[in-house]
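Structure data follow from model_25.txt (compact mmCIF, C-alpha atoms):
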```txt
# COMPACT_ATOMS: atom_id res chain seq x y z
CA MET A 1 -8.26 45.85 -16.57
CA ARG A 2 -6.65 42.41 -16.74
CA LYS A 3 -7.28 42.07 -20.43
CA ARG A 4 -5.76 45.48 -21.12
CA ASN A 5 -2.60 44.67 -19.26
CA LEU A 6 -2.49 41.42 -21.14
CA VAL A 7 -2.43 43.25 -24.48
CA ILE A 8 0.58 45.29 -23.36
CA TRP A 9 2.46 42.22 -22.22
CA ILE A 10 1.63 40.28 -25.38
CA SER A 11 2.91 43.13 -27.53
CA LEU A 12 6.14 43.13 -25.52
CA LEU A 13 6.50 39.37 -25.88
CA VAL A 14 5.99 39.64 -29.63
CA ALA A 15 8.67 42.33 -29.71
CA LEU A 16 11.05 40.08 -27.76
CA VAL A 17 10.43 37.22 -30.20
CA LEU A 18 11.01 39.52 -33.18
CA GLN A 19 14.22 40.67 -31.55
CA ILE A 20 15.63 37.13 -31.51
CA VAL A 21 14.15 35.60 -34.69
CA PRO A 22 17.06 34.10 -36.66
CA LEU A 23 17.83 36.08 -39.80
CA PRO A 24 20.52 35.71 -42.45
CA THR A 25 23.69 37.51 -41.40
CA GLN A 26 23.45 40.07 -44.20
CA VAL A 27 20.03 41.26 -43.02
CA ASP A 28 20.75 40.80 -39.35
CA VAL A 29 22.77 44.00 -39.06
CA TYR A 30 19.67 46.01 -39.96
CA ARG A 31 17.35 44.44 -37.39
CA PRO A 32 15.45 47.29 -35.72
CA ASP A 33 15.15 47.59 -31.94
CA TRP A 34 11.70 46.06 -31.73
CA VAL A 35 11.62 46.00 -27.94
CA LEU A 36 12.70 49.62 -27.61
CA VAL A 37 10.17 50.83 -30.18
CA VAL A 38 7.25 48.97 -28.58
CA LEU A 39 8.25 50.10 -25.10
CA ALA A 40 8.58 53.63 -26.41
CA TYR A 41 5.02 53.59 -27.73
CA TRP A 42 3.50 52.32 -24.50
CA SER A 43 5.50 54.65 -22.30
CA MET A 44 4.40 57.62 -24.39
CA ALA A 45 0.77 56.53 -24.58
CA LEU A 46 0.36 55.26 -21.02
CA PRO A 47 3.28 56.66 -19.03
CA HIS A 48 1.61 55.83 -15.72
CA ARG A 49 1.24 52.19 -16.53
CA VAL A 50 4.32 51.42 -18.58
CA ASN A 51 7.45 53.10 -17.39
CA VAL A 52 10.79 52.30 -15.85
CA GLY A 53 9.64 49.17 -13.96
CA VAL A 54 8.31 47.43 -17.06
CA ALA A 55 11.39 48.51 -19.02
CA PHE A 56 13.62 46.99 -16.36
CA LEU A 57 11.78 43.64 -16.43
CA THR A 58 11.78 43.53 -20.23
CA GLY A 59 15.46 44.35 -20.17
CA VAL A 60 16.23 41.42 -17.88
CA ALA A 61 14.18 39.11 -20.13
CA MET A 62 16.17 40.38 -23.09
CA ASP A 63 19.47 39.80 -21.29
CA VAL A 64 18.49 36.18 -20.72
CA LEU A 65 17.36 35.75 -24.33
CA VAL A 66 20.34 37.45 -25.91
CA GLY A 67 22.84 35.91 -23.53
CA THR A 68 24.49 39.08 -22.27
CA THR A 69 25.48 39.69 -18.69
CA LEU A 70 22.28 40.21 -16.70
CA GLY A 71 21.45 43.88 -16.25
CA ILE A 72 22.97 45.36 -19.38
CA HIS A 73 19.83 45.75 -21.45
CA SER A 74 17.74 46.60 -18.40
CA PHE A 75 20.16 49.45 -17.74
CA GLY A 76 19.85 50.85 -21.25
CA LEU A 77 16.09 50.37 -21.57
CA SER A 78 15.39 51.91 -18.15
CA ILE A 79 17.21 55.12 -19.06
CA CYS A 80 15.58 55.40 -22.50
CA VAL A 81 12.09 54.81 -21.13
CA TYR A 82 12.71 57.26 -18.30
CA ILE A 83 13.47 59.97 -20.84
CA LEU A 84 10.26 59.19 -22.73
CA ALA A 85 8.05 58.92 -19.67
CA ALA A 86 9.39 62.15 -18.23
CA ASN A 87 8.65 64.09 -21.44
CA TYR A 88 5.54 62.31 -22.67
CA GLN A 89 3.34 65.42 -22.73
CA ARG A 90 5.68 67.24 -25.05
CA LEU A 91 6.45 64.22 -27.22
CA ARG A 92 2.79 63.40 -27.80
CA ASN A 93 2.33 66.75 -29.55
CA TYR A 94 5.05 66.09 -32.06
CA SER A 95 4.21 64.72 -35.49
CA VAL A 96 5.00 61.08 -36.15
CA TRP A 97 8.10 62.02 -38.15
CA GLN A 98 9.48 64.19 -35.40
CA GLN A 99 8.82 61.36 -33.00
CA ALA A 100 10.71 59.04 -35.34
CA ILE A 101 13.77 61.29 -35.02
CA ILE A 102 13.46 61.17 -31.22
CA ILE A 103 13.23 57.37 -31.41
CA GLY A 104 16.35 57.31 -33.57
CA LEU A 105 18.23 59.40 -31.02
CA LEU A 106 17.04 57.16 -28.20
CA SER A 107 18.03 54.06 -30.12
CA ALA A 108 21.50 55.52 -30.63
CA LEU A 109 21.70 56.29 -26.93
CA TYR A 110 20.55 52.76 -26.11
CA HIS A 111 23.18 51.16 -28.32
CA LEU A 112 25.94 53.42 -27.05
CA LEU A 113 24.94 52.73 -23.43
CA THR A 114 24.90 48.96 -23.86
CA PHE A 115 28.17 49.14 -25.80
CA TRP A 116 29.75 51.26 -23.10
CA VAL A 117 28.68 48.96 -20.25
CA GLN A 118 29.91 45.90 -22.15
CA HIS A 119 33.14 47.67 -23.03
CA LEU A 120 33.78 48.06 -19.31
CA LEU A 121 33.26 44.33 -18.80
CA THR A 122 35.06 42.82 -21.79
CA ASP A 123 37.34 44.40 -24.36
CA ILE A 124 35.10 44.80 -27.35
CA TYR A 125 35.49 47.27 -30.16
CA PHE A 126 32.95 49.59 -31.66
CA ARG A 127 31.96 49.29 -35.27
CA VAL A 128 29.74 51.75 -37.10
CA ASP A 129 27.72 48.73 -38.28
CA TYR A 130 26.28 48.49 -34.80
CA LEU A 131 24.36 51.72 -35.37
CA TRP A 132 22.29 50.50 -38.36
CA PRO A 133 19.35 49.69 -36.05
CA VAL A 134 19.06 53.43 -35.38
CA VAL A 135 18.02 54.02 -38.98
CA THR A 136 15.73 50.99 -39.22
CA SER A 137 14.07 51.82 -35.90
CA MET A 138 13.31 55.30 -37.20
CA VAL A 139 11.73 53.82 -40.31
CA LEU A 140 9.81 51.31 -38.23
CA TRP A 141 8.38 53.82 -35.76
CA PRO A 142 5.44 55.22 -37.83
CA TRP A 143 4.20 51.71 -38.60
CA VAL A 144 4.46 50.47 -35.03
CA PHE A 145 2.85 53.69 -33.85
CA TRP A 146 -0.10 53.20 -36.20
CA LEU A 147 -0.50 49.51 -35.37
CA LEU A 148 -0.26 49.87 -31.63
CA ARG A 149 -2.58 52.89 -31.58
CA ARG A 150 -5.17 50.87 -33.45
CA THR A 151 -4.87 47.98 -31.01
CA ARG A 152 -4.95 50.36 -28.09
CA ARG A 153 -8.18 51.91 -29.36
CA GLN A 154 -9.62 48.52 -30.23
CA PHE A 155 -9.18 47.27 -26.69
CA SER A 156 -9.79 50.78 -25.28
CA ILE A 157 -6.75 50.69 -23.05
CA SER A 158 -6.17 53.84 -21.11
CA MET B 1 -7.73 56.18 -13.06
CA ASP B 2 -4.70 58.29 -12.58
CA THR B 3 -4.83 59.94 -9.20
CA ILE B 4 -1.90 61.01 -7.15
CA PHE B 5 -2.57 58.10 -4.79
CA THR B 6 -2.36 55.30 -7.34
CA ARG B 7 0.91 56.45 -8.86
CA GLY B 8 3.35 54.88 -6.48
CA PRO B 9 6.92 56.12 -6.27
CA SER B 10 7.92 58.99 -8.55
CA LEU B 11 9.64 58.44 -11.87
CA ASN B 12 13.02 59.59 -10.60
CA ILE B 13 12.95 57.15 -7.73
CA ARG B 14 11.93 54.36 -10.10
CA LEU B 15 14.82 55.17 -12.41
CA THR B 16 17.31 55.26 -9.56
CA LEU B 17 16.00 51.94 -8.29
CA ALA B 18 16.15 50.34 -11.74
CA LEU B 19 19.69 51.59 -12.35
CA VAL B 20 20.95 50.49 -8.96
CA LEU B 21 19.35 47.08 -9.52
CA SER B 22 20.84 46.81 -13.01
CA VAL B 23 24.32 47.69 -11.82
CA THR B 24 24.01 45.18 -8.97
CA LEU B 25 22.87 42.54 -11.44
CA ILE B 26 25.78 43.29 -13.76
CA PHE B 27 28.23 43.21 -10.87
CA VAL B 28 26.91 40.00 -9.33
CA ASP B 29 26.61 38.25 -12.68
CA HIS B 30 29.89 39.32 -14.20
CA LYS B 31 32.32 39.75 -11.34
CA MET B 32 31.02 37.17 -8.90
CA ASP B 33 29.34 34.73 -11.26
CA GLY B 34 26.44 34.62 -8.80
CA PHE B 35 23.69 33.51 -11.17
CA LYS B 36 25.09 30.20 -12.31
CA SER B 37 22.21 28.15 -10.90
CA THR B 38 19.56 30.83 -11.40
CA ARG B 39 20.50 31.16 -15.06
CA VAL B 40 19.38 27.59 -15.70
CA TYR B 41 15.88 28.46 -14.48
CA LEU B 42 15.84 31.78 -16.29
CA ASN B 43 16.91 30.11 -19.51
CA SER B 44 14.27 27.42 -19.12
CA LEU B 45 11.67 30.09 -18.41
CA MET B 46 12.59 31.96 -21.58
CA SER B 47 13.06 28.93 -23.82
CA PRO B 48 9.41 28.95 -25.10
CA LEU B 49 10.11 32.36 -26.64
CA GLN B 50 13.17 30.92 -28.32
CA TYR B 51 11.17 28.01 -29.69
CA ILE B 52 8.57 30.44 -31.06
CA ALA B 53 11.28 32.59 -32.62
CA ASN B 54 12.71 29.50 -34.24
CA LEU B 55 9.38 28.48 -35.80
CA PRO B 56 9.45 30.54 -39.04
CA GLY B 57 12.86 29.22 -40.00
CA LEU B 58 11.81 25.69 -39.13
CA MET B 59 8.65 25.96 -41.23
CA LEU B 60 10.59 27.40 -44.15
CA SER B 61 13.16 24.62 -44.15
CA GLU B 62 10.46 22.00 -43.71
CA SER B 63 8.41 23.29 -46.64
CA ALA B 64 11.59 23.55 -48.68
CA GLN B 65 12.22 19.90 -47.89
CA ARG B 66 8.75 18.96 -49.03
CA LEU B 67 9.08 20.87 -52.26
CA THR B 68 12.39 19.38 -53.37
CA SER B 69 11.96 17.60 -56.64
CA GLN B 70 12.69 13.95 -57.24
CA GLU B 71 15.63 14.86 -59.43
CA GLN B 72 17.25 16.83 -56.68
CA LEU B 73 16.67 13.99 -54.25
CA LEU B 74 18.21 11.51 -56.65
CA ALA B 75 21.23 13.73 -57.21
CA GLU B 76 21.65 14.19 -53.49
CA ASN B 77 21.28 10.47 -52.92
CA GLN B 78 23.95 9.81 -55.52
CA LYS B 79 26.26 12.32 -53.91
CA LEU B 80 25.73 10.89 -50.45
CA ASN B 81 26.29 7.36 -51.71
CA ASN B 82 29.57 8.39 -53.25
CA GLN B 83 30.54 10.11 -50.05
CA LEU B 84 29.61 7.02 -48.05
CA LEU B 85 31.79 4.86 -50.26
CA LEU B 86 34.75 7.18 -49.86
CA MET B 87 34.20 7.43 -46.12
CA SER B 88 33.90 3.70 -45.60
CA GLU B 89 37.08 3.18 -47.57
CA LYS B 90 38.82 5.65 -45.26
CA LEU B 91 37.23 3.98 -42.26
CA GLN B 92 38.67 0.60 -43.23
CA GLN B 93 42.13 2.09 -43.19
CA PHE B 94 41.34 4.01 -40.06
CA GLU B 95 40.38 0.93 -38.09
CA VAL B 96 43.67 -0.74 -38.88
CA ILE B 97 45.58 2.40 -37.99
CA ALA B 98 43.64 2.91 -34.78
CA LYS B 99 44.41 -0.63 -33.73
CA GLU B 100 48.05 -0.18 -34.59
CA ASN B 101 48.13 3.11 -32.70
CA ALA B 102 46.59 1.49 -29.63
CA GLN B 103 49.21 -1.28 -29.78
CA LEU B 104 52.02 1.23 -30.13
CA ARG B 105 50.69 3.26 -27.25
CA GLU B 106 50.52 0.14 -25.15
CA LEU B 107 54.14 -0.59 -26.02
CA LEU B 108 55.04 2.95 -24.96
CA GLN B 109 52.85 2.50 -21.89
CA ALA B 110 50.93 5.63 -22.81
CA PRO B 111 47.23 5.63 -21.88
CA VAL B 112 45.02 4.39 -24.70
CA ARG B 113 42.45 6.93 -25.76
CA LEU B 114 38.94 5.56 -25.61
CA ALA B 115 36.09 6.41 -27.93
CA SER B 116 33.90 9.03 -26.31
CA LYS B 117 30.16 9.51 -26.27
CA LYS B 118 28.77 11.89 -28.87
CA MET B 119 25.42 13.49 -29.48
CA VAL B 120 24.01 15.41 -32.44
CA ALA B 121 22.45 18.75 -31.60
CA GLU B 122 20.63 21.18 -33.81
CA LEU B 123 21.07 24.91 -33.96
CA MET B 124 18.12 26.80 -32.48
CA ALA B 125 19.10 30.43 -32.60
CA VAL B 126 22.05 32.63 -33.32
CA ASP B 127 22.62 35.43 -30.91
CA LYS B 128 21.61 38.92 -31.75
CA ASN B 129 24.26 40.48 -29.61
CA PRO B 130 26.87 41.96 -31.97
CA TYR B 131 29.50 42.01 -29.24
CA SER B 132 29.62 38.29 -28.63
CA GLN B 133 29.48 35.24 -30.84
CA GLN B 134 27.15 32.64 -29.38
CA VAL B 135 24.59 30.15 -30.62
CA VAL B 136 21.79 28.27 -28.89
CA ILE B 137 21.42 24.51 -29.40
CA ASN B 138 18.50 22.22 -28.67
CA LYS B 139 20.17 19.97 -26.10
CA GLY B 140 20.34 20.78 -22.42
CA ALA B 141 20.83 19.44 -18.90
CA ILE B 142 18.24 16.70 -19.58
CA ASP B 143 20.53 15.26 -22.25
CA GLY B 144 23.54 15.47 -19.96
CA VAL B 145 25.12 18.59 -21.44
CA TYR B 146 27.61 20.17 -19.03
CA LEU B 147 29.40 23.46 -18.70
CA SER B 148 32.39 24.02 -21.03
CA GLN B 149 31.61 20.88 -23.02
CA PRO B 150 33.35 20.87 -26.42
CA VAL B 151 31.18 21.29 -29.53
CA ILE B 152 32.30 20.48 -33.07
CA ASP B 153 30.73 20.31 -36.50
CA ASP B 154 31.65 18.22 -39.55
CA ASN B 155 34.64 20.43 -40.37
CA GLY B 156 36.18 21.34 -37.04
CA VAL B 157 35.87 22.76 -33.57
CA VAL B 158 32.95 25.16 -33.08
CA GLY B 159 33.17 26.19 -29.44
CA GLN B 160 32.22 25.25 -25.94
CA VAL B 161 29.02 25.24 -23.90
CA MET B 162 28.83 28.36 -21.77
CA GLU B 163 25.34 28.13 -20.27
CA VAL B 164 23.15 25.11 -19.73
CA GLY B 165 19.36 25.27 -19.63
CA SER B 166 17.11 22.29 -19.05
CA THR B 167 16.24 21.73 -22.73
CA ASN B 168 18.66 24.03 -24.51
CA SER B 169 22.09 25.47 -23.98
CA ARG B 170 24.27 28.27 -25.21
CA VAL B 171 27.52 27.69 -27.06
CA LEU B 172 30.35 30.22 -27.09
CA LEU B 173 32.02 30.12 -30.51
CA ILE B 174 35.80 30.01 -30.88
CA ALA B 175 35.59 33.34 -32.76
CA ASP B 176 34.30 35.23 -29.71
CA VAL B 177 36.69 37.83 -28.29
CA THR B 178 36.58 36.24 -24.85
CA HIS B 179 37.43 32.77 -26.16
CA ALA B 180 40.85 31.19 -26.62
CA ILE B 181 41.77 27.65 -27.59
CA PRO B 182 45.15 25.93 -27.32
CA VAL B 183 46.20 24.57 -30.72
CA ARG B 184 49.20 23.10 -32.41
CA SER B 185 50.36 23.11 -35.97
CA LEU B 186 49.74 19.82 -37.75
CA ARG B 187 52.92 20.25 -39.82
CA ASN B 188 55.48 20.67 -37.05
CA ASP B 189 53.66 20.44 -33.69
CA ILE B 190 54.42 23.99 -32.59
CA ARG B 191 51.96 25.12 -29.94
CA PHE B 192 49.91 28.31 -30.17
CA ILE B 193 46.92 29.90 -28.53
CA ALA B 194 44.18 30.96 -30.92
CA THR B 195 41.94 33.72 -29.60
CA GLY B 196 38.74 34.90 -31.21
CA SER B 197 38.66 38.20 -33.06
CA GLY B 198 34.95 38.93 -32.76
CA ALA B 199 34.52 38.36 -36.50
CA LEU B 200 33.29 34.89 -37.44
CA ASN B 201 35.97 34.19 -40.03
CA GLU B 202 39.09 35.20 -38.12
CA LEU B 203 41.16 33.93 -35.23
CA TYR B 204 44.37 35.52 -33.99
CA LEU B 205 47.39 33.56 -32.85
CA GLU B 206 48.82 35.30 -29.81
CA HIS B 207 52.46 35.97 -28.96
CA VAL B 208 54.06 34.30 -31.95
CA PRO B 209 57.78 35.21 -32.23
CA HIS B 210 59.06 36.25 -35.65
CA SER B 211 61.38 33.29 -35.88
CA VAL B 212 58.65 30.64 -35.50
CA ASP B 213 58.17 28.37 -38.48
CA ILE B 214 54.60 29.04 -39.45
CA GLN B 215 53.29 29.40 -42.98
CA GLU B 216 50.12 30.37 -44.70
CA GLY B 217 48.00 27.27 -45.20
CA ASP B 218 49.18 25.45 -42.08
CA THR B 219 46.44 23.45 -40.38
CA LEU B 220 45.96 24.02 -36.66
CA ILE B 221 44.48 21.23 -34.53
CA SER B 222 43.41 21.30 -30.91
CA SER B 223 46.27 20.33 -28.63
CA GLY B 224 44.15 19.23 -25.68
CA LEU B 225 46.27 21.23 -23.28
CA GLY B 226 43.47 23.36 -21.87
CA LYS B 227 41.66 20.20 -20.78
CA VAL B 228 38.47 21.53 -22.34
CA PHE B 229 38.84 20.40 -25.93
CA PRO B 230 39.97 16.86 -26.70
CA GLU B 231 43.17 16.54 -28.67
CA GLY B 232 43.37 16.28 -32.41
CA TYR B 233 40.30 18.04 -33.79
CA PRO B 234 40.98 20.51 -36.61
CA VAL B 235 40.43 24.12 -35.59
CA ALA B 236 41.68 26.51 -38.27
CA THR B 237 44.03 27.12 -41.16
CA VAL B 238 46.55 29.94 -41.16
CA LYS B 239 45.41 32.66 -43.53
CA GLN B 240 48.03 35.32 -43.18
CA VAL B 241 51.39 35.77 -41.48
CA VAL B 242 52.72 39.32 -41.17
CA ARG B 243 56.30 39.48 -39.93
CA ASP B 244 56.65 43.17 -39.22
CA GLU B 245 59.97 43.52 -37.36
CA SER B 246 58.86 46.75 -35.72
CA ARG B 247 56.27 44.83 -33.75
CA PRO B 248 57.20 42.57 -30.83
CA PHE B 249 55.39 39.57 -32.29
CA ALA B 250 54.36 38.31 -35.68
CA ARG B 251 50.75 38.91 -36.56
CA VAL B 252 49.11 35.64 -37.54
CA ILE B 253 45.52 35.43 -38.72
CA ALA B 254 43.77 32.07 -39.07
CA THR B 255 40.41 31.08 -40.53
CA PRO B 256 38.25 28.66 -38.52
CA LEU B 257 37.60 25.43 -40.39
CA ALA B 258 34.07 25.09 -39.05
CA ASN B 259 31.57 27.18 -41.00
CA LEU B 260 30.65 29.32 -38.03
CA ASP B 261 28.22 31.44 -40.03
CA ARG B 262 26.22 28.52 -41.40
CA LEU B 263 26.08 26.05 -38.56
CA ARG B 264 23.17 23.68 -38.56
CA HIS B 265 23.99 20.29 -37.06
CA LEU B 266 26.51 20.18 -34.27
CA LEU B 267 28.18 17.37 -32.39
CA LEU B 268 28.53 17.44 -28.61
CA LEU B 269 31.50 15.48 -27.29
CA TRP B 270 31.78 13.71 -23.98
CA GLY B 271 34.94 12.32 -22.54
CA ALA B 272 37.23 15.33 -22.51
CA GLU B 273 39.09 15.80 -19.28
CA GLY B 274 36.94 18.67 -18.14
CA GLU B 275 33.96 16.40 -17.61
CA PRO B 276 31.64 16.88 -14.62
CA GLU B 277 32.48 15.20 -11.34
CA LEU B 278 30.01 12.36 -11.65
CA ASP B 279 31.79 10.81 -14.61
CA THR B 280 35.31 11.45 -13.35
CA ASP B 281 34.36 9.63 -10.17
CA GLU B 282 33.47 6.62 -12.25
CA LYS B 283 36.72 6.91 -14.13
CA ALA B 284 38.68 7.30 -10.94
CA SER B 285 37.05 4.21 -9.48
CA LYS B 286 38.04 2.07 -12.44
CA PRO B 287 41.81 2.14 -12.02
CA ALA B 288 41.28 1.60 -8.30
CA ASP B 289 39.41 -1.61 -9.11
CA ASN B 290 42.26 -2.71 -11.30
CA GLU B 291 44.71 -2.10 -8.51
CA GLU B 292 42.66 -4.20 -6.17
CA GLU B 293 42.58 -7.01 -8.70
CA SER B 294 46.30 -6.84 -9.20
CA SER B 295 46.92 -6.85 -5.49
CA ASP B 296 44.64 -9.89 -5.17
CA ALA B 297 46.63 -11.63 -7.86
```
Would you mind writing the file out in structure tokens?
Amino acid sequence: MRKRNLVIWISLLVALVLQIVPLPTQVDVYRPDWVLVVLAYWSMALPHRVNVGVAFLTGVAMDVLVGTTLGIHSFGLSICVYILAANYQRLRNYSVWQQAIIIGLLSALYHLLTFWVQHLLTDIYFRVDYLWPVVTSMVLWPWVFWLLRRTRRQFSIS
Amino acid sequence: MDTIFTRGPSLNIRLTLALVLSVTLIFVDHKMDGFKSTRVYLNSLMSPLQYIANLPGLMLSESAQRLTSQEQLLAENQKLNNQLLLMSEKLQQFEVIAKENAQLRELLQAPVRLASKKMVAELMAVDKNPYSQQVVINKGAIDGVYLSQPVIDDNGVVGQVMEVGSTNSRVLLIADVTHAIPVRSLRNDIRFIATGSGALNELYLEHVPHSVDIQEGDTLISSGLGKVFPEGYPVATVKQVVRDESRPFARVIATPLANLDRLRHLLLLWGAEGEPELDTDEKASKPADNEEESSDA
């Protein structure tokens, strides 16, 4: 039980690290939403263990790491994970590619939500560049799905 | 085991709770600034992750250093030697001028500016948040870094410290939309306020009347009026002046002199007027001592 929870937390920590690894500015725009994708997998696979609470905590951690006002990312992640956890039975039956489209939509929602909240706080402007992660997250999803399913089966987490 | 008894509160209630909590957090953090002290602990708690994230880059640059050939090293050495010679020549002149300046200021009975403490910091991470321009440096409260401390690099002003952790701190760059710095033109001492544009290579000068004498290529230096940045550090050069009479003000775009997109080594400055209370107390006690001495005499 302990060990299984540990695997989930380690995967989230790795995602957080990947989210903040310094990259050259040209590539940086295309950085996928690692945290969202990993959270999405766990909330679809184990919706009773990983859901809104975990998303909220991860969001706060991300706010501290990224340096935004506390609560912005936890707001966005909570809503996205709620949608996944509420519809997990239907989403599990989709093929990986259909799931990727859902992930893309969620990623777009996540970015628009965080933009909107930050727009209320400071006057920032929207650029279409900010939506590149939607595409890269979609591309990333099948690989993360495969990798995390293997680890989940390896450690027989259920 | 997933029974109805082990589930806890329903998903809807969880979501409501999380959202209410998030909004409270946002409100308390942004509007009331209620996490100033907590943020230090949170940052310290999260700093291991930042160090881990920084590792690949560190290893790359280290291996690159090891693999540099002797030729390259020699060339670099030559270049640095030349630079040193030029710099020391300038320094010789500078010392004379500084002395002269101090004498002149004494004659004018203006306060003599003292050399301030400096510290080199290294860049740890650049922020992934596209809406704000911040970097993380590897010096924190342990090294005496304080809130809104000025940070420069070898070309000009970079920004100011916005959050202090115990071993690292976060620097808000001058190009951030929420940042503004008082500057003046080096050519004719006209004062401006340069606000960030959100893009790393642009600053806007606010509320510049059409009649103001400002040209492309003018150098802007910090004026020291905001009491955050010390006076006289180069900030930006004017890139473009658009005098469109249909607008109330001229549109002036400047380019920061510091290479904000390729920062590596930064310099933290002490001794600006916005220093923490501990040091100002010391400063305040000094003139008092002098007064006592003069009254004794």
> Closest to B:Ile26 among A:Pro47, A:Gly71, A:Gly104, A:Pro142, using all atoms listed in the file?
Replying inline: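 Looking at the shortest contact to B:Ile26, the residue is A:Gly71.
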Mind running chain A against chain B at 6 Å and telling me each contacting residue's nearest atom pair with the distance in Å (one decimal), counting only C-alpha atoms, chain and number ascending, as a tab-separated table?
```
residue	atom	partner	partner_atom	distance
A:Val17	CA	B:Ala53	CA	5.3
A:Val21	CA	B:Ala53	CA	4.6
A:Pro22	CA	B:Ala125	CA	5.8
A:Val66	CA	B:Asp127	CA	5.9
A:Leu70	CA	B:Ile26	CA	5.5
A:Gly71	CA	B:Ser22	CA	4.4
A:Phe75	CA	B:Ser22	CA	5.5
```
> Within 8 Å of A:Ala85, counting only C-alpha atoms, which residues qualify if same-chain residues fewer than 2 places away don't, as a PyMOL selection string?
Replying inline: (chain A and resi 43-44+47+51+81-83+87-88) or (chain B and resi 11)
Would you mind listing what lies within 12 Å of A:Phe126 as a PDB file with C-alpha atoms, keeping the file's coordinate frame, with all atoms listed in the file counted and same-chain residues fewer than 2 positions away left out?
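Writing done, so here's selection27.pdb:
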```
ATOM      1  CA  HIS A 111      23.180  51.160 -28.320  1.00  0.00           C
ATOM      2  CA  LEU A 112      25.940  53.420 -27.050  1.00  0.00           C
ATOM      3  CA  LEU A 113      24.940  52.730 -23.430  1.00  0.00           C
ATOM      4  CA  THR A 114      24.900  48.960 -23.860  1.00  0.00           C
ATOM      5  CA  PHE A 115      28.170  49.140 -25.800  1.00  0.00           C
ATOM      6  CA  TRP A 116      29.750  51.260 -23.100  1.00  0.00           C
ATOM      7  CA  GLN A 118      29.910  45.900 -22.150  1.00  0.00           C
ATOM      8  CA  HIS A 119      33.140  47.670 -23.030  1.00  0.00           C
ATOM      9  CA  ASP A 123      37.340  44.400 -24.360  1.00  0.00           C
ATOM     10  CA  ILE A 124      35.100  44.800 -27.350  1.00  0.00           C
ATOM     11  CA  VAL A 128      29.740  51.750 -37.100  1.00  0.00           C
ATOM     12  CA  ASP A 129      27.720  48.730 -38.280  1.00  0.00           C
ATOM     13  CA  TYR A 130      26.280  48.490 -34.800  1.00  0.00           C
ATOM     14  CA  LEU A 131      24.360  51.720 -35.370  1.00  0.00           C
TER      15      LEU A 131
ATOM     16  CA  PRO B 130      26.870  41.960 -31.970  1.00  0.00           C
ATOM     17  CA  TYR B 131      29.500  42.010 -29.240  1.00  0.00           C
ATOM     18  CA  GLY B 198      34.950  38.930 -32.760  1.00  0.00           C
TER      19      GLY B 198
END
```
> So which one's closest to A:Asp33, A:Thr122, A:Thr58, A:Ser107, A:Thr151? Using only C-alpha atoms, please.
Replying inline: A:Ser107
Could you write stretch 91-102 of chain A as a PDB file, in the frame of the given file, with N, CA and C atoms rebuilt where they are missing?
```pdb
ATOM      1  N   LEU A  91       6.218  65.108 -26.079  1.00  0.00           N
ATOM      2  CA  LEU A  91       6.450  64.220 -27.220  1.00  0.00           C
ATOM      3  C   LEU A  91       5.162  63.855 -27.936  1.00  0.00           C
ATOM      4  N   ARG A  92       4.071  63.761 -27.174  1.00  0.00           N
ATOM      5  CA  ARG A  92       2.790  63.400 -27.800  1.00  0.00           C
ATOM      6  C   ARG A  92       2.358  64.435 -28.833  1.00  0.00           C
ATOM      7  N   ASN A  93       2.767  65.686 -28.637  1.00  0.00           N
ATOM      8  CA  ASN A  93       2.330  66.750 -29.550  1.00  0.00           C
ATOM      9  C   ASN A  93       3.139  66.802 -30.833  1.00  0.00           C
ATOM     10  N   TYR A  94       4.239  66.099 -30.863  1.00  0.00           N
ATOM     11  CA  TYR A  94       5.050  66.090 -32.060  1.00  0.00           C
ATOM     12  C   TYR A  94       4.362  65.263 -33.152  1.00  0.00           C
ATOM     13  N   SER A  95       4.733  65.549 -34.398  1.00  0.00           N
ATOM     14  CA  SER A  95       4.210  64.720 -35.490  1.00  0.00           C
ATOM     15  C   SER A  95       4.971  63.378 -35.460  1.00  0.00           C
ATOM     16  N   VAL A  96       4.406  62.418 -36.184  1.00  0.00           N
ATOM     17  CA  VAL A  96       5.000  61.080 -36.150  1.00  0.00           C
ATOM     18  C   VAL A  96       6.453  61.113 -36.625  1.00  0.00           C
ATOM     19  N   TRP A  97       6.746  61.992 -37.592  1.00  0.00           N
ATOM     20  CA  TRP A  97       8.100  62.020 -38.150  1.00  0.00           C
ATOM     21  C   TRP A  97       9.083  62.616 -37.159  1.00  0.00           C
ATOM     22  N   GLN A  98       8.604  63.643 -36.443  1.00  0.00           N
ATOM     23  CA  GLN A  98       9.480  64.190 -35.400  1.00  0.00           C
ATOM     24  C   GLN A  98       9.723  63.159 -34.306  1.00  0.00           C
ATOM     25  N   GLN A  99       8.660  62.414 -33.992  1.00  0.00           N
ATOM     26  CA  GLN A  99       8.820  61.360 -33.000  1.00  0.00           C
ATOM     27  C   GLN A  99       9.832  60.323 -33.478  1.00  0.00           C
ATOM     28  N   ALA A 100       9.781  60.039 -34.792  1.00  0.00           N
ATOM     29  CA  ALA A 100      10.710  59.040 -35.340  1.00  0.00           C
ATOM     30  C   ALA A 100      12.153  59.476 -35.096  1.00  0.00           C
ATOM     31  N   ILE A 101      12.406  60.793 -35.253  1.00  0.00           N
ATOM     32  CA  ILE A 101      13.770  61.290 -35.020  1.00  0.00           C
ATOM     33  C   ILE A 101      14.147  61.083 -33.548  1.00  0.00           C
ATOM     34  N   ILE A 102      13.191  61.386 -32.657  1.00  0.00           N
ATOM     35  CA  ILE A 102      13.460  61.170 -31.220  1.00  0.00           C
ATOM     36  C   ILE A 102      13.775  59.704 -30.962  1.00  0.00           C
TER      37      ILE A 102
END
```
